[in-house]
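Note: the block below is run.txt and it holds compact mmCIF, C-alpha atoms.
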```txt
# COMPACT_ATOMS: atom_id res chain seq x y z
CA MET A 5 4.47 -81.35 -26.05
CA ASN A 6 6.84 -83.15 -23.73
CA ALA A 7 6.25 -84.09 -20.13
CA LYS A 8 8.73 -81.52 -18.87
CA ALA A 9 6.80 -78.66 -20.47
CA LEU A 10 3.52 -80.03 -19.10
CA TRP A 11 4.90 -80.21 -15.55
CA HIS A 12 6.26 -76.69 -15.86
CA THR A 13 2.89 -75.48 -17.17
CA ALA A 14 1.05 -77.09 -14.26
CA GLY A 15 3.55 -75.51 -11.87
CA VAL A 16 3.09 -72.07 -13.43
CA VAL A 17 -0.71 -72.23 -13.21
CA LEU A 18 -0.69 -73.57 -9.63
CA LEU A 19 1.97 -71.13 -8.37
CA ASN A 20 0.00 -68.20 -9.75
CA ALA A 21 -3.22 -69.35 -8.12
CA ALA A 22 -1.48 -70.17 -4.83
CA GLY A 23 0.38 -66.84 -4.81
CA ASN A 24 -2.76 -64.80 -5.42
CA PHE A 25 -4.61 -66.90 -2.85
CA ALA A 26 -1.99 -66.37 -0.12
CA LEU A 27 -1.75 -62.66 -0.96
CA SER A 28 -5.51 -62.34 -0.69
CA VAL A 29 -5.54 -64.10 2.69
CA GLY A 30 -2.68 -61.97 3.99
CA MET A 31 -4.09 -58.64 2.84
CA LYS A 32 -7.48 -59.38 4.39
CA ARG A 33 -5.89 -60.67 7.61
CA ALA A 34 -3.82 -57.51 8.05
CA ALA A 35 -5.04 -55.25 10.83
CA ALA A 36 -7.39 -52.53 9.71
CA ALA A 37 -5.05 -49.98 11.29
CA ALA A 38 -2.10 -51.23 9.27
CA GLY A 39 -1.24 -48.92 6.40
CA PRO A 40 -1.10 -50.05 2.78
CA ILE A 41 2.60 -50.90 3.04
CA MET A 42 2.61 -52.38 6.54
CA ALA A 43 -0.17 -54.75 5.45
CA LEU A 44 2.29 -56.33 3.03
CA LEU A 45 4.36 -57.50 6.02
CA GLU A 46 1.59 -59.88 7.08
CA PRO A 47 3.19 -63.37 6.85
CA ALA A 48 0.61 -64.77 4.42
CA ALA A 49 1.00 -61.72 2.18
CA MET A 50 4.78 -62.13 2.24
CA GLY A 51 4.32 -65.81 1.39
CA GLY A 52 2.07 -64.81 -1.50
CA ILE A 53 4.68 -62.40 -2.83
CA MET A 54 7.34 -65.14 -2.60
CA LEU A 55 5.08 -67.57 -4.48
CA LEU A 56 4.44 -64.96 -7.18
CA ILE A 57 8.20 -64.38 -7.56
CA ALA A 58 8.61 -68.17 -7.93
CA TRP A 59 5.74 -68.12 -10.46
CA MET A 60 7.48 -65.45 -12.52
CA LEU A 61 10.79 -67.36 -12.53
CA LEU A 62 9.15 -70.68 -13.43
CA ARG A 63 7.18 -68.93 -16.19
CA LEU A 64 10.44 -67.63 -17.63
CA ARG A 65 11.80 -71.18 -17.56
CA LEU A 66 8.62 -72.46 -19.25
CA LEU A 67 9.00 -69.85 -21.99
CA GLN A 68 12.46 -71.29 -22.63
CA ILE A 69 11.10 -74.76 -23.35
CA ALA A 70 7.62 -74.11 -24.78
CA ASP A 71 6.11 -71.87 -27.43
CA LEU A 72 4.47 -68.64 -26.30
CA SER A 73 1.42 -69.63 -28.33
CA PHE A 74 1.11 -72.69 -26.08
CA VAL A 75 1.93 -70.96 -22.80
CA LEU A 76 -0.43 -67.98 -23.02
CA PRO A 77 -3.73 -69.73 -23.83
CA ILE A 78 -3.20 -72.57 -21.37
CA THR A 79 -2.14 -70.34 -18.49
CA ALA A 80 -5.25 -68.18 -19.07
CA VAL A 81 -7.13 -70.92 -17.22
CA GLY A 82 -5.69 -69.22 -14.12
CA TYR A 83 -8.60 -66.74 -14.20
CA ILE A 84 -11.03 -69.59 -13.58
CA LEU A 85 -8.73 -71.31 -11.08
CA ASN A 86 -8.44 -68.13 -9.00
CA ALA A 87 -12.22 -67.80 -8.92
CA ALA A 88 -12.49 -71.46 -7.91
CA MET A 89 -9.94 -71.00 -5.10
CA GLY A 90 -11.91 -68.02 -3.80
CA ALA A 91 -15.12 -70.04 -3.80
CA ALA A 92 -13.63 -73.22 -2.36
CA PHE A 93 -11.23 -71.94 0.29
CA LEU A 94 -12.19 -68.35 1.09
CA GLY A 95 -15.94 -68.87 1.28
CA GLU A 96 -16.56 -66.28 -1.41
CA HIS A 97 -19.96 -66.26 -3.04
CA VAL A 98 -19.29 -66.66 -6.74
CA SER A 99 -22.47 -65.97 -8.63
CA LEU A 100 -23.34 -67.55 -11.96
CA THR A 101 -22.59 -64.26 -13.74
CA ARG A 102 -19.15 -64.09 -12.11
CA TRP A 103 -18.39 -67.65 -13.26
CA ALA A 104 -19.58 -66.72 -16.74
CA GLY A 105 -17.37 -63.62 -16.62
CA ALA A 106 -14.30 -65.67 -15.64
CA VAL A 107 -14.99 -68.19 -18.43
CA LEU A 108 -15.44 -65.43 -21.04
CA ILE A 109 -12.22 -63.74 -19.89
CA THR A 110 -10.30 -67.02 -20.13
CA GLY A 111 -11.70 -67.59 -23.62
CA GLY A 112 -10.86 -64.03 -24.61
CA ALA A 113 -7.31 -64.24 -23.28
CA ALA A 114 -6.81 -67.59 -25.01
CA LEU A 115 -8.21 -66.30 -28.32
CA THR A 116 -6.04 -63.18 -28.20
CA SER A 117 -2.91 -65.19 -27.58
CA LEU A 118 -3.64 -67.66 -30.39
CA THR A 119 -2.86 -64.98 -32.96
CA PRO A 120 0.56 -64.83 -34.62
CA ALA A 121 3.18 -63.01 -32.57
CA GLU A 122 4.90 -61.30 -35.45
CA GLY A 123 3.75 -57.85 -36.50
CA ALA A 124 5.13 -54.81 -38.20
CA PRO A 125 8.93 -54.73 -38.22
CA ALA A 126 10.55 -52.58 -35.60
CA GLN A 127 11.08 -49.04 -36.79
CA GLN A 128 14.31 -47.13 -36.83
CA SER A 129 15.51 -46.02 -33.41
CA GLU A 130 14.11 -42.72 -32.20
CA LEU A 131 17.45 -41.79 -30.68
CA PRO A 132 18.77 -38.46 -31.93
CA ALA A 133 21.43 -38.59 -34.63
CA LYS A 134 24.15 -37.82 -32.09
CA GLY A 135 23.15 -40.80 -29.96
CA ARG A 136 23.07 -43.15 -32.94
CA GLN A 137 26.52 -42.01 -34.01
CA GLY A 138 27.78 -42.73 -30.51
CA GLU A 139 26.28 -46.23 -30.59
CA ALA A 140 27.71 -46.96 -34.01
CA ALA A 141 31.15 -45.96 -32.81
CA MET B 9 -17.81 -51.20 -4.96
CA THR B 10 -16.55 -47.91 -6.38
CA ALA B 11 -13.22 -48.25 -4.54
CA GLN B 12 -12.81 -51.74 -5.99
CA TRP B 13 -13.31 -50.52 -9.55
CA LEU B 14 -11.00 -47.55 -8.96
CA LEU B 15 -8.26 -49.96 -7.86
CA VAL B 16 -8.99 -52.21 -10.87
CA ALA B 17 -8.61 -49.11 -13.05
CA ALA B 18 -5.28 -48.30 -11.35
CA VAL B 19 -3.98 -51.86 -11.89
CA VAL B 20 -5.09 -51.88 -15.52
CA ALA B 21 -3.77 -48.39 -16.30
CA CYS B 22 -0.36 -49.09 -14.72
CA THR B 23 -0.07 -52.50 -16.43
CA ALA B 24 -0.98 -51.00 -19.80
CA CYS B 25 1.54 -48.16 -19.38
CA ALA B 26 4.26 -50.65 -18.38
CA ASP B 27 3.62 -52.97 -21.32
CA LEU B 28 3.33 -50.07 -23.75
CA LEU B 29 6.64 -48.60 -22.56
CA GLN B 30 8.37 -52.00 -22.74
CA SER B 31 7.11 -52.77 -26.23
CA HIS B 32 7.84 -49.26 -27.50
CA GLY B 33 11.25 -49.19 -25.85
CA MET B 34 12.38 -52.61 -27.04
CA ARG B 35 11.17 -52.20 -30.63
CA ARG B 36 11.50 -48.49 -31.38
CA GLY B 37 14.31 -47.19 -29.26
CA GLY B 38 14.56 -45.39 -25.96
CA ALA B 39 14.82 -48.65 -24.01
CA ARG B 40 17.30 -47.08 -21.61
CA TRP B 41 14.61 -44.91 -20.02
CA LYS B 42 11.40 -46.59 -21.12
CA VAL B 43 12.17 -50.01 -19.60
CA PRO B 44 13.17 -48.66 -16.15
CA LEU B 45 10.06 -46.45 -16.19
CA SER B 46 7.96 -49.49 -17.11
CA ILE B 47 9.29 -51.29 -14.03
CA LEU B 48 8.05 -48.41 -11.87
CA PHE B 49 4.61 -48.79 -13.48
CA LEU B 50 4.72 -52.57 -12.87
CA ALA B 51 5.53 -51.95 -9.22
CA ALA B 52 2.62 -49.48 -9.00
CA SER B 53 0.39 -52.04 -10.69
CA PHE B 54 1.34 -54.79 -8.22
CA PHE B 55 0.93 -52.44 -5.26
CA SER B 56 -2.55 -51.45 -6.47
CA PHE B 57 -3.37 -55.15 -6.92
CA THR B 58 -2.38 -55.90 -3.30
CA GLN B 59 -4.67 -53.09 -2.11
CA LEU B 60 -7.46 -54.43 -4.34
CA LEU B 61 -7.10 -57.85 -2.71
CA ARG B 62 -7.51 -56.16 0.67
CA ILE B 63 -11.05 -55.04 -0.10
CA ALA B 64 -12.25 -57.33 -2.89
CA ASP B 65 -12.89 -61.02 -3.38
CA LEU B 66 -10.12 -63.03 -5.02
CA SER B 67 -12.74 -64.33 -7.46
CA PHE B 68 -13.41 -60.73 -8.51
CA ALA B 69 -9.93 -59.19 -8.35
CA VAL B 70 -8.00 -61.55 -10.61
CA PRO B 71 -10.55 -61.77 -13.46
CA ALA B 72 -11.26 -58.02 -13.29
CA THR B 73 -7.64 -57.14 -13.99
CA ALA B 74 -8.03 -58.92 -17.34
CA ALA B 75 -9.50 -55.62 -18.53
CA SER B 76 -5.87 -54.85 -19.33
CA ILE B 77 -6.25 -57.17 -22.35
CA VAL B 78 -8.88 -54.83 -23.77
CA VAL B 79 -7.00 -51.61 -22.99
CA GLU B 80 -3.70 -52.97 -24.29
CA THR B 81 -5.26 -54.21 -27.53
CA LEU B 82 -6.70 -50.74 -28.12
CA LEU B 83 -3.40 -49.04 -27.27
CA ALA B 84 -1.45 -51.48 -29.43
CA ARG B 85 -3.62 -50.44 -32.37
CA LEU B 86 -3.81 -46.71 -31.63
CA VAL B 87 -0.38 -45.95 -30.20
CA LEU B 88 1.92 -48.69 -31.48
CA ARG B 89 0.05 -48.91 -34.82
CA GLU B 90 0.18 -52.71 -34.65
CA PRO B 91 -2.04 -54.69 -37.01
CA VAL B 92 -4.85 -56.23 -34.96
CA GLY B 93 -6.72 -59.06 -36.63
CA TRP B 94 -10.23 -60.31 -35.96
CA LYS B 95 -9.04 -62.97 -33.52
CA ARG B 96 -7.36 -60.39 -31.30
CA TRP B 97 -10.37 -58.06 -31.48
CA GLY B 98 -12.64 -61.04 -30.76
CA GLY B 99 -10.52 -62.02 -27.76
CA ALA B 100 -10.59 -58.46 -26.46
CA VAL B 101 -14.38 -58.27 -26.89
CA LEU B 102 -14.83 -61.58 -25.03
CA ALA B 103 -12.60 -60.35 -22.22
CA ALA B 104 -14.49 -57.04 -22.07
CA ALA B 105 -17.80 -58.90 -21.87
CA GLY B 106 -16.40 -61.08 -19.11
CA VAL B 107 -15.22 -58.09 -17.08
CA ALA B 108 -18.60 -56.40 -17.61
CA LEU B 109 -20.32 -59.50 -16.18
CA LEU B 110 -18.23 -59.13 -13.02
CA ALA B 111 -20.07 -55.89 -12.30
CA PHE B 112 -23.32 -57.80 -11.68
```

Could you show the structure in this file as structure tokens?
Amino acid sequence: MNAKALWHTAGVVLLNAAGNFALSVGMKRAAAAAGPIMALLEPAAMGGIMLLIAWMLLRLRLLQIADLSFVLPITAVGYILNAAMGAAFLGEHVSLTRWAGAVLITGGAALTSLTPAEGAPAQQSELPAKGRQGEAA
Amino acid sequence: MTAQWLLVAAVVACTACADLLQSHGMRRGGARWKVPLSILFLAASFFSFTQLLRIADLSFAVPATAASIVVETLLARLVLREPVGWKRWGGAVLAAAGVALLAF
């Protein structure tokens, strides 16, 4: 694994955690009277949404340069990182069972994504015969 | 607590519908309507997630939405008829156990 992929991976994990963190701060800071949509206009929430858009774009870039079987397990550590951010910066009480839950989920996500990606071949299109004729033409 | 789990259920259900539609559309036809519909479900999922973050801890909200791994593994087997090996089932069981621990 080259350094470029490692930097991208670190960026993906950190952007996800930072985006969720900022979104959480913004949504909780929004006035109680603010509706579900107006709450999204809270600056921190907007910042969180921007960070999550950046996360998605960087993740796409990472998928260009690294195998999916590398990306998925390693980015699953985000579940633990989000819990750690909540505990460290938002003053959330994270019980031992919640930590254990986050660790199990990370392990489960990693194990799931370590399986081969290929499966049954795609089946014939379900488009009606007329549609398929049109496409063939 | 009930509202939190209802929002988790909304996030998970919308995510699972979106992924199911995308996979089905891209592999078995109908992408022209399934993929746009999946984007609507993704938007609904993200909106539900923002509302979840309004009332729940970050350390609960993000791990709890991993229940989608369990639901999507089941749907992949039952709806998409994908082969699911022991590693995937094991991963889904671990994730389910982790989400269950969040309830305590």

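Of note, CA of Gly106 (chain B) and CA of Leu67 (chain A) are spaced 27.0 Å apart.
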
Expressed in Å to a single decimal, how great is the separation between CA of Tyr83 (chain A) and CA of Arg35 (chain B)?
29.5 Å

Could you work out how far CA of Ala9 (chain A) lies from CA of Asp71 (chain A), giving the answer in Å with one decimal?
9.7 Å

With all atoms listed in the file as the counted atoms, please give the residues lying no more than 9 Å from Val101 (chain B), apart from itself and same-chain residues fewer than 5 positions off, as a list in words.
Gly112 of chain A; Val78, Arg96 and Gly106 of chain B

Residue selection dump (C-alpha atoms) as a tab-separated table (two decimals), in the frame of the given file:
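Dumped to result.tsv:
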```tsv
chain	number	residue	atom	x	y	z
A	112	GLY	CA	-10.86	-64.03	-24.61
B	78	VAL	CA	-8.88	-54.83	-23.77
B	96	ARG	CA	-7.36	-60.39	-31.30
B	106	GLY	CA	-16.40	-61.08	-19.11
```

Set the cut-off to 6 Å and count all atoms listed in the file: what are the residues of chain A that reach chain B? Output as a PyMOL selection string.
chain A and resi 28+31-32+83+86-87+90+101-102+105-106+108-109+112-113+115-116+126-127+129-130

List every protein, DNA or RNA residue that has an atom no more than 6 Å from (-3.8, -66.5, -20.2) in the file's coordinate frame, counting all atoms listed in the file, and report them as a VMD selection string.
chain A and resid 76 to 77 79 to 80 113 to 114

Residue nearest Leu15 (chain B) - candidates B:Ser53, B:Arg40, B:Leu86, B:Val79, atoms counted: only C-alpha atoms:
B:Ser53

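If all atoms listed in the file are the atoms counted, then among A:Leu85, A:Ile41, A:Ala22, A:Leu118 the closest residue to Ser73 (chain A) is A:Leu118.
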
Which neighbours of Gln30 (chain B) fall inside 7 Å, counting all atoms listed in the file, when residues of the same chain fewer than 5 positions from it are skipped, and could you give them as an MDAnalysis selection string?
chainID B and resid 42:43 46

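Nearest residue to Ser76 (chain B) among B:Thr23, B:Ala18, B:Gln12, B:Leu48 is B:Thr23, counting all atoms listed in the file.
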
Hey, can you pull every residue with an atom no more than 10 Å from (8.5, -71.4, -11.3), using all atoms listed in the file, and send it as a list in words?
His12, Thr13, Ala14, Gly15, Val16, Val17, Leu18, Leu19, Asn20, Leu55, Leu56, Ile57, Ala58, Trp59, Met60, Leu61, Leu62, Arg63, Leu64, Arg65 and Leu66 of chain A

Write out the residues from the selection above, keeping C-alpha atoms, as a PDB file, keeping the file's coordinate frame.
```pdb
ATOM      1  CA  HIS A  12       6.260 -76.690 -15.860  1.00  0.00           C
ATOM      2  CA  THR A  13       2.890 -75.480 -17.170  1.00  0.00           C
ATOM      3  CA  ALA A  14       1.050 -77.090 -14.260  1.00  0.00           C
ATOM      4  CA  GLY A  15       3.550 -75.510 -11.870  1.00  0.00           C
ATOM      5  CA  VAL A  16       3.090 -72.070 -13.430  1.00  0.00           C
ATOM      6  CA  VAL A  17      -0.710 -72.230 -13.210  1.00  0.00           C
ATOM      7  CA  LEU A  18      -0.690 -73.570  -9.630  1.00  0.00           C
ATOM      8  CA  LEU A  19       1.970 -71.130  -8.370  1.00  0.00           C
ATOM      9  CA  ASN A  20       0.000 -68.200  -9.750  1.00  0.00           C
ATOM     10  CA  LEU A  55       5.080 -67.570  -4.480  1.00  0.00           C
ATOM     11  CA  LEU A  56       4.440 -64.960  -7.180  1.00  0.00           C
ATOM     12  CA  ILE A  57       8.200 -64.380  -7.560  1.00  0.00           C
ATOM     13  CA  ALA A  58       8.610 -68.170  -7.930  1.00  0.00           C
ATOM     14  CA  TRP A  59       5.740 -68.120 -10.460  1.00  0.00           C
ATOM     15  CA  MET A  60       7.480 -65.450 -12.520  1.00  0.00           C
ATOM     16  CA  LEU A  61      10.790 -67.360 -12.530  1.00  0.00           C
ATOM     17  CA  LEU A  62       9.150 -70.680 -13.430  1.00  0.00           C
ATOM     18  CA  ARG A  63       7.180 -68.930 -16.190  1.00  0.00           C
ATOM     19  CA  LEU A  64      10.440 -67.630 -17.630  1.00  0.00           C
ATOM     20  CA  ARG A  65      11.800 -71.180 -17.560  1.00  0.00           C
ATOM     21  CA  LEU A  66       8.620 -72.460 -19.250  1.00  0.00           C
TER      22      LEU A  66
END
```

Write out as a tab-separated table (two decimals) with C-alpha atoms, keeping the file's coordinate frame the residues lying within 7 Å of Gly52 (chain A), counting only C-alpha atoms and excluding same-chain residues fewer than 2 positions away.
```
chain	number	residue	atom	x	y	z
A	23	GLY	CA	0.38	-66.84	-4.81
A	24	ASN	CA	-2.76	-64.80	-5.42
A	26	ALA	CA	-1.99	-66.37	-0.12
A	27	LEU	CA	-1.75	-62.66	-0.96
A	48	ALA	CA	0.61	-64.77	4.42
A	49	ALA	CA	1.00	-61.72	2.18
A	50	MET	CA	4.78	-62.13	2.24
A	54	MET	CA	7.34	-65.14	-2.60
A	55	LEU	CA	5.08	-67.57	-4.48
A	56	LEU	CA	4.44	-64.96	-7.18
```
